[in-house]
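A.B. asks: Here it is, the structure in full.
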Amino acid sequence: VQLQASGGGLVQAGDSLRLSCEASGRIFSSVLMGWFRQAAGKERAFVGSIRSGRSPFYADSVKGRFTISRDNAKNTMYLQMNSLKPEDTAVYYCAVNSDGTGYDVWGQGTLVTVSS
């Protein structure tokens, strides 16, 4: 399986943006998928995750503003980001926990820049 993240760009504070993460191979709906982000000079941080049959889980920093969804028929996960803040600026990565032991497949990342 390979992951391709897309949808990043330059937006202003308060704007919305939707990221996509398309998997090249089939990913079972029961597999955990997640979004992470890495700001310049900082460690990669968890944003949220989703698994079919369960409510998505979010980091406190994005709860209420970001929404993760998944289209299993398209093998694609989405990250809808609303009310963006400058501190949301980062490279966003999608990942899959393919065997339940940890996120082991990563996409290449897509840059989101939020100007004030």
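Labels used: A, B, ... for chains in the order of the structure tokens, numbers from 1 for residues in each chain, and numbers from 1 for ligands as shown.
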Set the distance at 6 Å and use only C-alpha atoms: which residues neighbour A:Val47 once local chain neighbours fewer than 6 positions away are removed? I'd like the list as a ChimeraX atom specification.

C.D. replies: /A:35-36,58-59

A.B. asks: When you look at A:Gln80 with a cut-off of 7 Å (counting only C-alpha atoms), what residues show up, excluding the ones that are within fewer than 2 positions of it in the same chain? I need them as a PyMOL selection string.

C.D. replies: chain A and resi 17-19+66-68+78+82

A.B. asks: Provide the atom CA of A:Thr113 to atom CA of A:Thr76 distance in Å, to one decimal place.

C.D. replies: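 Separation between atom CA of A:Thr113 and atom CA of A:Thr76: 22.5 Å.
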
A.B. asks: Nearest to A:Ala90: which of A:Pro56, A:Gly64, A:Gly25, A:Gly109 is it, counting only C-alpha atoms?

C.D. replies: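 Once distances to A:Ala90 are computed over only C-alpha atoms, the minimum belongs to A:Gly109.
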
A.B. asks: Ranking A:Ala23, A:Ile50, A:Leu84, A:Ala40 by minimum distance to A:Arg65 and counting only C-alpha atoms, which one comes first?

C.D. replies: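 Looking only at the distances to A:Arg65, the closest residue turns out to be A:Leu84.
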
A.B. asks: List every residue of chain A that DSSP, applied to the backbone, labels as strand (DSSP E or B), and write the result as a PyMOL selection string.

C.D. replies: chain A and resi 3-6+9-12+17-23+32-38+45-50+57-58+66-71+76-81+90-97+105-106+110-115
